[in-house]
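Novice: Contents of structure-v1.tsv (TSV, C-alpha atoms) are given next:
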chain	number	residue	atom	x	y	z
A	1179	MET	CA	130.92	119.31	26.60
A	1180	LEU	CA	128.73	122.13	27.87
A	1181	LYS	CA	126.42	121.83	30.87
A	1182	THR	CA	124.14	124.26	32.73
A	1183	ILE	CA	123.62	124.20	36.51
A	1184	PRO	CA	120.71	126.19	38.02
A	1185	VAL	CA	121.41	128.22	41.16
A	1186	ASN	CA	118.64	129.72	43.29
A	1187	THR	CA	119.56	132.58	45.60
A	1188	ASN	CA	117.54	133.76	48.57
A	1189	ASN	CA	119.08	137.08	49.57
A	1190	ARG	CA	120.14	140.38	48.05
A	1191	THR	CA	123.78	139.31	48.34
A	1192	GLU	CA	124.86	135.75	48.96
A	1193	MET	CA	127.80	133.40	48.41
A	1194	LEU	CA	126.95	129.75	47.70
A	1195	ASP	CA	129.46	126.90	47.56
A	1196	ILE	CA	128.65	124.96	44.37
A	1197	THR	CA	131.76	122.74	44.29
A	1198	ALA	CA	129.78	119.49	44.66
A	1199	GLU	CA	127.48	120.31	41.73
A	1200	ILE	CA	130.44	121.09	39.49
A	1201	GLU	CA	132.33	118.01	40.64
A	1202	ARG	CA	129.33	115.92	39.57
A	1203	VAL	CA	129.41	117.44	36.06
A	1204	VAL	CA	133.13	116.67	35.79
A	1205	GLN	CA	132.58	113.05	36.86
A	1206	GLU	CA	129.67	112.56	34.43
A	1207	SER	CA	131.86	113.86	31.58
A	1208	ASN	CA	134.28	110.94	32.13
A	1209	GLN	CA	137.13	113.27	31.20
A	1210	LYS	CA	140.26	112.26	33.09
A	1211	GLU	CA	142.32	115.40	32.65
A	1212	GLY	CA	141.93	118.86	31.23
A	1213	LEU	CA	140.36	122.15	32.22
A	1214	CYS	CA	136.96	123.00	33.67
A	1215	VAL	CA	135.80	126.50	32.76
A	1216	ILE	CA	132.97	127.82	34.94
A	1217	PHE	CA	131.10	130.81	33.51
A	1218	VAL	CA	128.34	132.98	35.00
A	1219	PRO	CA	126.07	134.46	32.25
A	1220	HIS	CA	124.85	137.35	34.43
A	1221	THR	CA	126.11	140.91	34.93
A	1222	THR	CA	125.14	141.24	38.61
A	1223	ALA	CA	126.59	137.94	39.83
A	1224	ALA	CA	130.08	136.41	39.77
A	1225	ILE	CA	132.12	133.27	40.46
A	1226	THR	CA	135.15	132.91	42.71
A	1227	ILE	CA	137.20	130.43	44.73
A	1228	ASN	CA	137.58	130.85	48.47
A	1229	GLU	CA	137.48	129.04	51.82
A	1230	ASN	CA	134.92	126.24	52.17
A	1231	ALA	CA	135.42	125.59	55.89
A	1232	ASP	CA	134.35	128.56	58.08
A	1233	PRO	CA	131.23	130.24	56.60
A	1234	ASP	CA	132.24	133.47	58.37
A	1235	VAL	CA	134.84	133.98	55.63
A	1236	LEU	CA	132.14	134.31	52.98
A	1237	THR	CA	130.10	136.60	55.28
A	1238	ASP	CA	133.16	138.82	55.73
A	1239	ILE	CA	133.78	138.98	51.98
A	1240	LEU	CA	130.18	140.04	51.27
A	1241	GLN	CA	130.17	142.58	54.11
A	1242	GLU	CA	133.48	144.18	53.17
A	1243	LEU	CA	132.49	144.38	49.48
A	1244	GLU	CA	129.38	146.29	50.58
A	1245	THR	CA	131.51	148.65	52.66
A	1246	VAL	CA	133.83	149.37	49.72
A	1247	ILE	CA	131.10	149.48	47.04
A	1248	PRO	CA	127.96	150.85	48.78
A	1249	PHE	CA	124.51	150.01	47.41
A	1250	GLU	CA	123.81	153.75	47.11
A	1251	ASP	CA	126.54	156.11	45.89
A	1252	ASN	CA	125.01	158.59	43.44
A	1253	TYR	CA	125.01	156.05	40.61
A	1254	ARG	CA	123.47	157.02	37.25
A	1255	HIS	CA	122.05	153.59	36.26
A	1256	LEU	CA	118.34	153.85	37.08
A	1257	GLU	CA	117.76	150.19	37.99
A	1258	GLY	CA	119.46	150.81	41.34
A	1259	ASN	CA	121.81	147.84	41.09
A	1260	SER	CA	125.04	149.50	39.95
A	1261	ALA	CA	126.87	148.21	43.03
A	1262	ALA	CA	126.06	144.67	41.87
A	1263	HIS	CA	127.44	145.37	38.38
A	1264	ILE	CA	130.65	146.80	39.84
A	1265	LYS	CA	131.17	143.83	42.19
A	1266	SER	CA	130.53	141.47	39.26
A	1267	SER	CA	133.47	142.95	37.32
A	1268	LEU	CA	135.71	143.06	40.40
A	1269	ILE	CA	135.21	139.38	41.25
A	1270	GLY	CA	134.82	138.20	37.65
A	1271	SER	CA	132.42	136.05	35.65
A	1272	SER	CA	134.61	133.03	34.91
A	1273	ILE	CA	137.21	130.80	36.55
A	1274	SER	CA	139.30	127.89	35.27
A	1275	VAL	CA	139.99	124.82	37.39
A	1276	ILE	CA	142.38	122.01	36.46
A	1277	ILE	CA	140.94	118.48	36.08
A	1278	GLU	CA	143.18	115.59	37.19
A	1279	ASP	CA	142.32	111.89	37.65
A	1280	GLY	CA	138.74	112.73	36.63
A	1281	LYS	CA	138.27	115.25	39.44
A	1282	LEU	CA	138.54	118.99	40.08
A	1283	LYS	CA	142.02	119.76	41.41
A	1284	LEU	CA	141.53	122.31	44.23
A	1285	GLY	CA	143.59	123.31	47.26
A	1286	THR	CA	142.70	121.86	50.67
A	1287	TRP	CA	140.54	124.80	51.75
A	1288	GLN	CA	139.23	125.86	48.35
A	1289	GLY	CA	135.61	125.75	47.26
A	1290	ILE	CA	133.97	127.15	44.12
A	1291	VAL	CA	131.59	129.88	45.20
A	1292	PHE	CA	128.71	131.49	43.28
A	1293	CYS	CA	128.34	135.19	44.20
A	1294	GLU	CA	124.88	136.76	44.09
A	1295	PHE	CA	125.01	140.56	44.21
A	1296	ASP	CA	121.43	141.45	43.19
A	1297	GLY	CA	119.14	138.69	44.42
A	1298	PRO	CA	117.11	136.84	45.18
A	1299	ARG	CA	117.04	135.40	41.66
A	1300	THR	CA	117.10	132.21	39.63
A	1301	ARG	CA	120.56	131.99	38.08
A	1302	ASP	CA	122.52	129.71	35.77
A	1303	VAL	CA	126.14	128.59	35.76
A	1304	TRP	CA	127.68	127.22	32.56
A	1305	ILE	CA	130.38	124.56	32.69
A	1306	LYS	CA	132.65	123.78	29.75
A	1307	ILE	CA	135.15	120.95	29.89
A	1308	ILE	CA	138.21	121.25	27.66
B	1243	MET	CA	150.85	118.34	31.61
B	1244	LEU	CA	150.62	119.52	35.22
B	1245	LYS	CA	153.52	120.97	37.18
B	1246	THR	CA	153.91	122.46	40.66
B	1247	ILE	CA	156.22	125.38	41.48
B	1248	PRO	CA	157.03	126.14	45.15
B	1249	VAL	CA	156.96	129.79	46.24
B	1250	ASN	CA	158.37	130.95	49.59
B	1251	THR	CA	157.17	134.30	50.90
B	1252	ASN	CA	158.91	136.38	53.56
B	1253	ASN	CA	156.38	139.04	54.54
B	1254	ARG	CA	152.76	139.39	55.57
B	1255	THR	CA	151.93	140.75	52.12
B	1256	GLU	CA	154.23	140.46	49.15
B	1257	MET	CA	154.17	140.36	45.34
B	1258	LEU	CA	156.75	138.10	43.66
B	1259	ASP	CA	157.47	138.01	39.93
B	1260	ILE	CA	157.50	134.30	38.98
B	1261	THR	CA	157.53	134.74	35.19
B	1262	ALA	CA	160.95	133.07	34.76
B	1263	GLU	CA	159.90	129.95	36.70
B	1264	ILE	CA	156.73	129.58	34.62
B	1265	GLU	CA	158.61	130.22	31.37
B	1266	ARG	CA	160.93	127.34	32.30
B	1267	VAL	CA	157.96	124.99	32.75
B	1268	VAL	CA	156.58	126.01	29.35
B	1269	GLN	CA	159.93	125.39	27.67
B	1270	GLU	CA	160.35	121.99	29.33
B	1271	SER	CA	156.89	120.98	28.11
B	1272	ASN	CA	158.06	121.38	24.48
B	1273	GLN	CA	154.58	122.63	23.62
B	1274	LYS	CA	154.79	125.13	20.79
B	1275	GLU	CA	151.38	126.75	21.07
B	1276	GLY	CA	148.40	126.65	23.37
B	1277	LEU	CA	147.39	128.01	26.73
B	1278	CYS	CA	149.20	128.11	30.06
B	1279	VAL	CA	146.82	128.11	33.04
B	1280	ILE	CA	148.41	129.24	36.30
B	1281	PHE	CA	146.45	128.33	39.43
B	1282	VAL	CA	147.04	129.21	43.09
B	1283	PRO	CA	145.62	126.50	45.43
B	1284	HIS	CA	145.36	128.85	48.43
B	1285	THR	CA	142.53	131.07	49.72
B	1286	THR	CA	144.73	133.86	51.12
B	1287	ALA	CA	146.99	134.31	48.09
B	1288	ALA	CA	146.37	135.15	44.42
B	1289	ILE	CA	147.95	135.44	40.98
B	1290	THR	CA	147.97	138.46	38.68
B	1291	ILE	CA	149.79	140.11	35.79
B	1292	ASN	CA	151.33	143.54	36.19
B	1293	GLU	CA	154.43	145.66	35.54
B	1294	ASN	CA	157.79	143.90	35.85
B	1295	ALA	CA	160.01	147.00	35.50
B	1296	ASP	CA	159.60	149.45	38.42
B	1297	PRO	CA	159.12	147.51	41.70
B	1298	ASP	CA	157.33	150.58	43.14
B	1299	VAL	CA	154.27	149.54	41.10
B	1300	LEU	CA	153.91	146.32	43.10
B	1301	THR	CA	154.51	148.21	46.36
B	1302	ASP	CA	151.74	150.66	45.42
B	1303	ILE	CA	149.33	147.83	44.60
B	1304	LEU	CA	149.92	146.11	47.96
B	1305	GLN	CA	149.67	149.40	49.88
B	1306	GLU	CA	146.47	150.55	48.19
B	1307	LEU	CA	144.84	147.13	48.65
B	1308	GLU	CA	145.58	147.45	52.38
B	1309	THR	CA	144.02	150.91	52.43
B	1310	VAL	CA	140.85	149.67	50.72
B	1311	ILE	CA	140.63	146.33	52.61
B	1312	PRO	CA	142.11	146.98	56.09
B	1313	PHE	CA	143.62	144.12	58.09
B	1314	GLU	CA	141.17	144.89	60.92
B	1315	ASP	CA	137.58	145.86	60.10
B	1316	ASN	CA	135.25	144.06	62.54
B	1317	TYR	CA	135.52	140.79	60.63
B	1318	ARG	CA	133.79	137.69	62.02
B	1319	HIS	CA	136.32	135.04	60.90
B	1320	LEU	CA	138.35	134.28	64.02
B	1321	GLU	CA	141.66	133.49	62.32
B	1322	GLY	CA	142.22	137.23	61.80
B	1323	ASN	CA	143.03	136.92	58.09
B	1324	SER	CA	139.72	137.90	56.48
B	1325	ALA	CA	141.40	140.77	54.62
B	1326	ALA	CA	143.63	138.19	52.91
B	1327	HIS	CA	140.62	136.10	51.86
B	1328	ILE	CA	138.88	139.17	50.42
B	1329	LYS	CA	141.96	140.29	48.46
B	1330	SER	CA	142.34	136.72	47.16
B	1331	SER	CA	138.87	136.84	45.57
B	1332	LEU	CA	139.37	140.40	44.27
B	1333	ILE	CA	142.64	139.57	42.47
B	1334	GLY	CA	141.73	135.98	41.61
B	1335	SER	CA	143.31	132.55	41.91
B	1336	SER	CA	143.98	131.77	38.25
B	1337	ILE	CA	145.17	133.40	35.04
B	1338	SER	CA	145.53	132.16	31.48
B	1339	VAL	CA	148.47	133.12	29.28
B	1340	ILE	CA	148.81	132.32	25.57
B	1341	ILE	CA	151.75	130.14	24.45
B	1342	GLU	CA	153.28	130.96	21.06
B	1343	ASP	CA	156.53	129.67	19.50
B	1344	GLY	CA	157.10	127.64	22.65
B	1345	LYS	CA	157.07	130.70	24.92
B	1346	LEU	CA	154.67	132.68	27.10
B	1347	LYS	CA	153.18	135.51	25.06
B	1348	LEU	CA	153.15	138.57	27.33
B	1349	GLY	CA	153.08	142.32	26.71
B	1350	THR	CA	156.35	144.29	26.91
B	1351	TRP	CA	155.89	145.35	30.53
B	1352	GLN	CA	153.96	142.35	31.80
B	1353	GLY	CA	155.19	139.90	34.41
B	1354	ILE	CA	153.31	137.08	36.18
B	1355	VAL	CA	153.10	137.99	39.85
B	1356	PHE	CA	152.33	135.76	42.84
B	1357	CYS	CA	150.42	137.69	45.55
B	1358	GLU	CA	150.91	136.73	49.19
B	1359	PHE	CA	148.25	138.26	51.45
B	1360	ASP	CA	148.79	136.23	54.67
B	1361	GLY	CA	152.47	135.32	54.88
B	1362	PRO	CA	155.13	134.48	55.39
B	1363	ARG	CA	154.30	130.96	54.15
B	1364	THR	CA	155.42	128.16	51.88
B	1365	ARG	CA	153.09	128.21	48.88
B	1366	ASP	CA	152.51	126.27	45.66
B	1367	VAL	CA	151.56	127.36	42.17
B	1368	TRP	CA	150.07	124.83	39.75
B	1369	ILE	CA	150.71	125.10	36.02
B	1370	LYS	CA	148.60	123.30	33.44
B	1371	ILE	CA	149.46	123.46	29.75
B	1372	ILE	CA	146.60	122.97	27.29
C	175	MET	CA	144.74	130.47	16.14
C	176	LEU	CA	145.95	133.80	17.49
C	177	LYS	CA	144.60	137.16	16.37
C	178	THR	CA	145.23	140.79	17.38
C	179	ILE	CA	142.53	143.46	17.51
C	180	PRO	CA	143.57	147.13	17.79
C	181	VAL	CA	141.64	149.33	20.24
C	182	ASN	CA	141.93	153.13	20.26
C	183	THR	CA	140.88	154.93	23.42
C	184	ASN	CA	140.02	158.61	23.70
C	185	ASN	CA	139.90	159.34	27.41
C	186	ARG	CA	141.94	158.83	30.56
C	187	THR	CA	139.53	156.09	31.64
C	188	GLU	CA	137.04	154.46	29.31
C	189	MET	CA	135.11	151.22	28.86
C	190	LEU	CA	134.56	150.05	25.26
C	191	ASP	CA	132.29	147.19	24.19
C	192	ILE	CA	134.35	145.08	21.76
C	193	THR	CA	132.02	142.08	21.56
C	194	ALA	CA	131.32	142.54	17.83
C	195	GLU	CA	135.04	142.61	16.93
C	196	ILE	CA	135.69	139.43	18.91
C	197	GLU	CA	132.61	137.71	17.47
C	198	ARG	CA	134.00	138.41	13.99
C	199	VAL	CA	137.31	136.73	14.89
C	200	VAL	CA	135.44	133.67	16.20
C	201	GLN	CA	133.37	133.42	13.01
C	202	GLU	CA	136.44	133.77	10.77
C	203	SER	CA	138.14	130.96	12.69
C	204	ASN	CA	135.37	128.55	11.60
C	205	GLN	CA	135.70	126.83	14.97
C	206	LYS	CA	132.33	125.45	16.04
C	207	GLU	CA	132.98	124.85	19.70
C	208	GLY	CA	135.69	125.50	22.24
C	209	LEU	CA	137.03	128.38	24.24
C	210	CYS	CA	137.87	131.97	23.29
C	211	VAL	CA	140.59	133.47	25.50
C	212	ILE	CA	140.79	137.27	25.35
C	213	PHE	CA	144.03	138.76	26.67
C	214	VAL	CA	145.09	142.38	27.19
C	215	PRO	CA	148.91	142.78	26.90
C	216	HIS	CA	148.99	146.03	28.92
C	217	THR	CA	149.48	146.73	32.64
C	218	THR	CA	147.24	149.82	32.83
C	219	ALA	CA	144.22	148.37	30.99
C	220	ALA	CA	141.97	145.35	31.56
C	221	ILE	CA	139.18	143.22	30.11
C	222	THR	CA	135.84	142.38	31.69
C	223	ILE	CA	132.27	141.30	30.96
C	224	ASN	CA	129.36	143.53	31.94
C	225	GLU	CA	126.06	145.01	30.78
C	226	ASN	CA	125.85	146.01	27.12
C	227	ALA	CA	122.44	147.75	27.27
C	228	ASP	CA	122.49	150.90	29.44
C	229	PRO	CA	125.82	152.77	29.01
C	230	ASP	CA	125.30	154.32	32.47
C	231	VAL	CA	126.38	150.98	33.95
C	232	LEU	CA	129.88	151.34	32.47
C	233	THR	CA	130.01	155.01	33.57
C	234	ASP	CA	129.12	153.96	37.13
C	235	ILE	CA	131.80	151.25	37.15
C	236	LEU	CA	134.51	153.70	36.03
C	237	GLN	CA	133.36	156.38	38.47
C	238	GLU	CA	133.18	154.05	41.47
C	239	LEU	CA	136.59	152.54	40.67
C	240	GLU	CA	138.00	156.08	40.73
C	241	THR	CA	136.35	156.71	44.11
C	242	VAL	CA	137.83	153.53	45.60
C	243	ILE	CA	141.27	153.83	43.92
C	244	PRO	CA	141.96	157.57	43.59
C	245	PHE	CA	144.32	158.86	40.88
C	246	GLU	CA	146.45	160.49	43.60
C	247	ASP	CA	147.05	158.65	46.88
C	248	ASN	CA	150.73	159.09	47.87
C	249	TYR	CA	151.85	156.44	45.39
C	250	ARG	CA	155.61	155.79	44.99
C	251	HIS	CA	155.65	154.94	41.25
C	252	LEU	CA	156.88	158.14	39.57
C	253	GLU	CA	154.95	157.79	36.32
C	254	GLY	CA	151.79	158.90	38.12
C	255	ASN	CA	149.64	156.03	36.88
C	256	SER	CA	149.66	153.66	39.86
C	257	ALA	CA	145.87	153.84	40.11
C	258	ALA	CA	145.69	152.41	36.57
C	259	HIS	CA	148.03	149.53	37.48
C	260	ILE	CA	145.94	148.71	40.56
C	261	LYS	CA	142.65	148.73	38.64
C	262	SER	CA	144.25	146.52	35.98
C	263	SER	CA	144.98	143.80	38.56
C	264	LEU	CA	141.56	144.18	40.22
C	265	ILE	CA	139.62	143.75	36.97
C	266	GLY	CA	142.11	141.36	35.34
C	267	SER	CA	143.90	141.03	32.03
C	268	SER	CA	142.19	137.96	30.58
C	269	ILE	CA	138.76	136.37	30.29
C	270	SER	CA	137.55	133.08	28.83
C	271	VAL	CA	134.30	132.80	26.87
C	272	ILE	CA	132.72	129.55	25.69
C	273	ILE	CA	132.24	129.05	21.93
C	274	GLU	CA	129.13	127.12	20.84
C	275	ASP	CA	127.67	126.71	17.36
C	276	GLY	CA	130.48	128.85	16.02
C	277	LYS	CA	129.57	131.84	18.21
C	278	LEU	CA	130.49	133.39	21.55
C	279	LYS	CA	128.13	132.08	24.22
C	280	LEU	CA	127.22	135.07	26.40
C	281	GLY	CA	124.32	135.85	28.70
C	282	THR	CA	121.48	138.08	27.43
C	283	TRP	CA	122.89	141.31	28.86
C	284	GLN	CA	126.60	140.49	28.64
C	285	GLY	CA	129.11	142.30	26.48
C	286	ILE	CA	132.91	142.00	26.40
C	287	VAL	CA	134.34	145.31	27.55
C	288	PHE	CA	137.87	146.70	27.13
C	289	CYS	CA	138.86	148.86	30.12
C	290	GLU	CA	141.24	151.78	29.59
C	291	PHE	CA	142.66	153.12	32.86
C	292	ASP	CA	145.53	155.31	31.56
C	293	GLY	CA	144.54	156.67	28.18
C	294	PRO	CA	144.13	157.91	25.64
C	295	ARG	CA	146.30	155.27	23.97
C	296	THR	CA	146.53	152.82	21.09
C	297	ARG	CA	145.99	149.36	22.59
C	298	ASP	CA	145.91	145.74	21.45
C	299	VAL	CA	143.73	142.81	22.44
C	300	TRP	CA	144.91	139.26	21.73
C	301	ILE	CA	142.43	136.50	20.97
C	302	LYS	CA	143.31	132.82	21.19
C	303	ILE	CA	140.82	130.15	20.18
C	304	ILE	CA	141.23	126.72	21.81
Represent the structure contained in this file as structure tokens.

Specialist:
Amino acid sequence: MLKTIPVNTNNRTEMLDITAEIERVVQESNQKEGLCVIFVPHTTAAITINENADPDVLTDILQELETVIPFEDNYRHLEGNSAAHIKSSLIGSSISVIIEDGKLKLGTWQGIVFCEFDGPRTRDVWIKII
Amino acid sequence: MLKTIPVNTNNRTEMLDITAEIERVVQESNQKEGLCVIFVPHTTAAITINENADPDVLTDILQELETVIPFEDNYRHLEGNSAAHIKSSLIGSSISVIIEDGKLKLGTWQGIVFCEFDGPRTRDVWIKII
Amino acid sequence: MLKTIPVNTNNRTEMLDITAEIERVVQESNQKEGLCVIFVPHTTAAITINENADPDVLTDILQELETVIPFEDNYRHLEGNSAAHIKSSLIGSSISVIIEDGKLKLGTWQGIVFCEFDGPRTRDVWIKII
């Protein structure tokens, strides 16, 4: 089963918890156990898992990534978004989450987080259940 | 099949080769071919694959990560472990390894390495065989 | 089904689009839908997904990675390639791509890119279709 979730971002860089949307797809699939592969079909965005409790964690991640990979750093790519491409490969464009008892099996503090590195944009996330 | 492996860490940051423990789970599953998904249910730890021969490689990885993502860098998250959260997303919380002939299929120098970024702690690793 | 693709690199660091080679393996498998797991069995190389249009993007990624993780930085590992090991764990040694209608399902600008961090060498990429 393959499903697409739309994600709208509002800032140049942004991290959005999309765990609930993905959980809904898993429940609608009626699959009791297996693997949920979450894939971002963009080269200036990414997907990761991190803390879903204190939003300052996601702010710190975005801020430190910008410190390490500055928006401007004598890049050759003329579109001006090379930093976003680099962050996309560092964080990665897919994750795999175990499905158990018909639900995503995540740690207590884990949420699934969409990473926008060149927004604001209208984005998609693909979900494949194995 | 889903299995949990406990991992005890002894330092603030640490990389532990857990290939043998995961190999044992694969063998006990009696599955001859497929995929082994290894998932870390923590937001200040990670899982990666790297050299299993010279332990200096893992020391260099930890040290350079600390240089790039310092423990203190005006983070907002009050728990004081933002660097660990950032490293967790950079390295990633899951990997997939091919199973062939009932064993993990890894390159000659590859080991599966648990990464502690906010220890010492008692951690878990989840293993799902597909 | 498990297949090996050889990759020859010509420089110390290099990013090579291998989407066409992997697409061929998927088509030869005759599998209509599922998951394609691409695995690099080396500890100084990696696999990622990024832009396949402007080659300057890949040049910028390599260059910025070298700025962040310098070749020389008082590493302990005597082989002199610690930077390559670190980049390998940051980018990652496996990716998962959805298969639909017998083809890799990628975003418009996405290509599958082999990352050499300690070349030139003769490398392998393993492909498992689930």

Novice: Using only C-alpha atoms, find the one residue out of C:Asn182, C:Pro294, C:Ala220, C:Asp234 that sits nearest to Glu1250 (chain A).

Specialist: C:Asp234

Novice: Quick one: chain B onto chain C, least squares on all Cα paired in order, result as a short mmCIF file (atom, residue, chain, number, x, y, z; two decimals) with C-alpha atoms, in the coordinates of the input?

Specialist:
data_model
loop_
_atom_site.label_atom_id
_atom_site.label_comp_id
_atom_site.auth_asym_id
_atom_site.auth_seq_id
_atom_site.Cartn_x
_atom_site.Cartn_y
_atom_site.Cartn_z
CA MET B 1243 144.74 130.45 16.15
CA LEU B 1244 145.95 133.80 17.49
CA LYS B 1245 144.60 137.16 16.37
CA THR B 1246 145.23 140.77 17.40
CA ILE B 1247 142.53 143.45 17.52
CA PRO B 1248 143.57 147.13 17.79
CA VAL B 1249 141.64 149.32 20.24
CA ASN B 1250 141.95 153.13 20.26
CA THR B 1251 140.88 154.93 23.42
CA ASN B 1252 140.02 158.62 23.68
CA ASN B 1253 139.89 159.34 27.41
CA ARG B 1254 141.92 158.83 30.55
CA THR B 1255 139.52 156.09 31.63
CA GLU B 1256 137.04 154.45 29.32
CA MET B 1257 135.11 151.20 28.85
CA LEU B 1258 134.56 150.05 25.25
CA ASP B 1259 132.29 147.19 24.19
CA ILE B 1260 134.36 145.08 21.76
CA THR B 1261 132.01 142.08 21.56
CA ALA B 1262 131.32 142.54 17.82
CA GLU B 1263 135.03 142.61 16.93
CA ILE B 1264 135.69 139.43 18.91
CA GLU B 1265 132.61 137.71 17.47
CA ARG B 1266 134.01 138.42 13.99
CA VAL B 1267 137.31 136.73 14.89
CA VAL B 1268 135.44 133.67 16.19
CA GLN B 1269 133.38 133.43 13.01
CA GLU B 1270 136.44 133.78 10.78
CA SER B 1271 138.14 130.96 12.69
CA ASN B 1272 135.37 128.55 11.60
CA GLN B 1273 135.69 126.84 14.97
CA LYS B 1274 132.34 125.45 16.03
CA GLU B 1275 132.98 124.86 19.71
CA GLY B 1276 135.70 125.51 22.23
CA LEU B 1277 137.03 128.40 24.25
CA CYS B 1278 137.87 131.97 23.30
CA VAL B 1279 140.60 133.48 25.50
CA ILE B 1280 140.79 137.27 25.36
CA PHE B 1281 144.03 138.75 26.68
CA VAL B 1282 145.09 142.38 27.20
CA PRO B 1283 148.91 142.78 26.90
CA HIS B 1284 148.99 146.02 28.91
CA THR B 1285 149.48 146.73 32.64
CA THR B 1286 147.23 149.81 32.83
CA ALA B 1287 144.22 148.37 30.99
CA ALA B 1288 141.97 145.34 31.56
CA ILE B 1289 139.18 143.22 30.11
CA THR B 1290 135.83 142.38 31.69
CA ILE B 1291 132.27 141.30 30.96
CA ASN B 1292 129.35 143.50 31.94
CA GLU B 1293 126.05 145.00 30.77
CA ASN B 1294 125.84 146.02 27.11
CA ALA B 1295 122.43 147.75 27.27
CA ASP B 1296 122.48 150.91 29.45
CA PRO B 1297 125.81 152.76 29.01
CA ASP B 1298 125.29 154.32 32.47
CA VAL B 1299 126.39 150.98 33.96
CA LEU B 1300 129.87 151.35 32.48
CA THR B 1301 130.01 155.00 33.57
CA ASP B 1302 129.12 153.95 37.13
CA ILE B 1303 131.80 151.25 37.15
CA LEU B 1304 134.52 153.69 36.02
CA GLN B 1305 133.36 156.37 38.48
CA GLU B 1306 133.18 154.05 41.48
CA LEU B 1307 136.59 152.53 40.68
CA GLU B 1308 138.01 156.08 40.74
CA THR B 1309 136.36 156.71 44.10
CA VAL B 1310 137.83 153.53 45.59
CA ILE B 1311 141.27 153.82 43.91
CA PRO B 1312 141.97 157.58 43.58
CA PHE B 1313 144.32 158.86 40.87
CA GLU B 1314 146.46 160.49 43.58
CA ASP B 1315 147.06 158.66 46.87
CA ASN B 1316 150.73 159.10 47.85
CA TYR B 1317 151.86 156.44 45.39
CA ARG B 1318 155.59 155.78 44.98
CA HIS B 1319 155.64 154.94 41.24
CA LEU B 1320 156.87 158.12 39.56
CA GLU B 1321 154.94 157.78 36.30
CA GLY B 1322 151.78 158.92 38.13
CA ASN B 1323 149.63 156.03 36.87
CA SER B 1324 149.66 153.67 39.85
CA ALA B 1325 145.86 153.83 40.11
CA ALA B 1326 145.69 152.40 36.58
CA HIS B 1327 148.02 149.53 37.49
CA ILE B 1328 145.94 148.70 40.57
CA LYS B 1329 142.64 148.74 38.65
CA SER B 1330 144.26 146.53 35.99
CA SER B 1331 144.98 143.80 38.56
CA LEU B 1332 141.56 144.20 40.23
CA ILE B 1333 139.62 143.74 36.97
CA GLY B 1334 142.10 141.36 35.34
CA SER B 1335 143.91 141.04 32.03
CA SER B 1336 142.18 137.97 30.59
CA ILE B 1337 138.76 136.36 30.30
CA SER B 1338 137.55 133.09 28.83
CA VAL B 1339 134.30 132.81 26.88
CA ILE B 1340 132.72 129.55 25.69
CA ILE B 1341 132.24 129.05 21.92
CA GLU B 1342 129.13 127.14 20.84
CA ASP B 1343 127.65 126.72 17.34
CA GLY B 1344 130.48 128.86 16.01
CA LYS B 1345 129.57 131.85 18.20
CA LEU B 1346 130.49 133.39 21.54
CA LYS B 1347 128.14 132.08 24.21
CA LEU B 1348 127.23 135.06 26.40
CA GLY B 1349 124.31 135.85 28.71
CA THR B 1350 121.48 138.08 27.42
CA TRP B 1351 122.89 141.30 28.86
CA GLN B 1352 126.59 140.49 28.65
CA GLY B 1353 129.11 142.31 26.48
CA ILE B 1354 132.92 142.00 26.40
CA VAL B 1355 134.34 145.31 27.56
CA PHE B 1356 137.86 146.70 27.13
CA CYS B 1357 138.87 148.87 30.13
CA GLU B 1358 141.25 151.77 29.58
CA PHE B 1359 142.66 153.11 32.86
CA ASP B 1360 145.54 155.31 31.57
CA GLY B 1361 144.53 156.68 28.17
CA PRO B 1362 144.12 157.91 25.65
CA ARG B 1363 146.32 155.26 23.96
CA THR B 1364 146.52 152.82 21.09
CA ARG B 1365 146.00 149.37 22.57
CA ASP B 1366 145.91 145.74 21.44
CA VAL B 1367 143.74 142.81 22.44
CA TRP B 1368 144.92 139.27 21.74
CA ILE B 1369 142.44 136.50 20.97
CA LYS B 1370 143.32 132.83 21.19
CA ILE B 1371 140.83 130.15 20.18
CA ILE B 1372 141.22 126.73 21.81
#

Novice: Find the residues in chain B near chain A: any atom within 6 Å counts, using all atoms listed in the file. Write them as a list of chain:residue names.

Specialist: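 Applying the cut-off to the listed atoms yields B:Pro1283, B:His1284, B:Thr1285, B:Tyr1317, B:Arg1318, B:His1319, B:Ile1328, B:Leu1332.
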
Novice: Quote the spacing between CA of Arg1202 (chain A) and CA of Phe1281 (chain B) in Å to one decimal place.

Specialist: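 Rounded to one decimal, the two atoms are 21.1 Å apart.
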
Novice: Might you pull out every residue within 7 Å of Lys1306 (chain A), with all atoms listed in the file counted and same-chain residues fewer than 3 positions away left off, and present them as a list in words?

Specialist: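 Result of the neighbour search: Met1179, Leu1180, Lys1181, Cys1214, Val1215 and Ile1216 of chain A.
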
Novice: Expressed in Å to a single decimal, how great is the separation between CA of Trp1304 (chain A) and CA of Ile1183 (chain A)?

Specialist: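 Answer for the CA of Trp1304 (chain A) to CA of Ile1183 (chain A) separation: 6.4 Å.
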
Novice: Which residues come within 6 Å of region 183-194 of chain C, counting only C-alpha atoms, excluding same-chain residues fewer than 6 positions away, as a list in words?

Specialist: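 Skipping anything fewer than 6 positions along the chain leaves Gly285, Ile286, Val287, Phe288, Cys289, Glu290, Phe291, Asp292, Gly293, Pro294 and Arg295 of chain C.
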
Novice: What is the CA of Asp1302 (chain A)-CA of Ser1260 (chain A) distance in Å, reported with one decimal?

Specialist: 20.4 Å
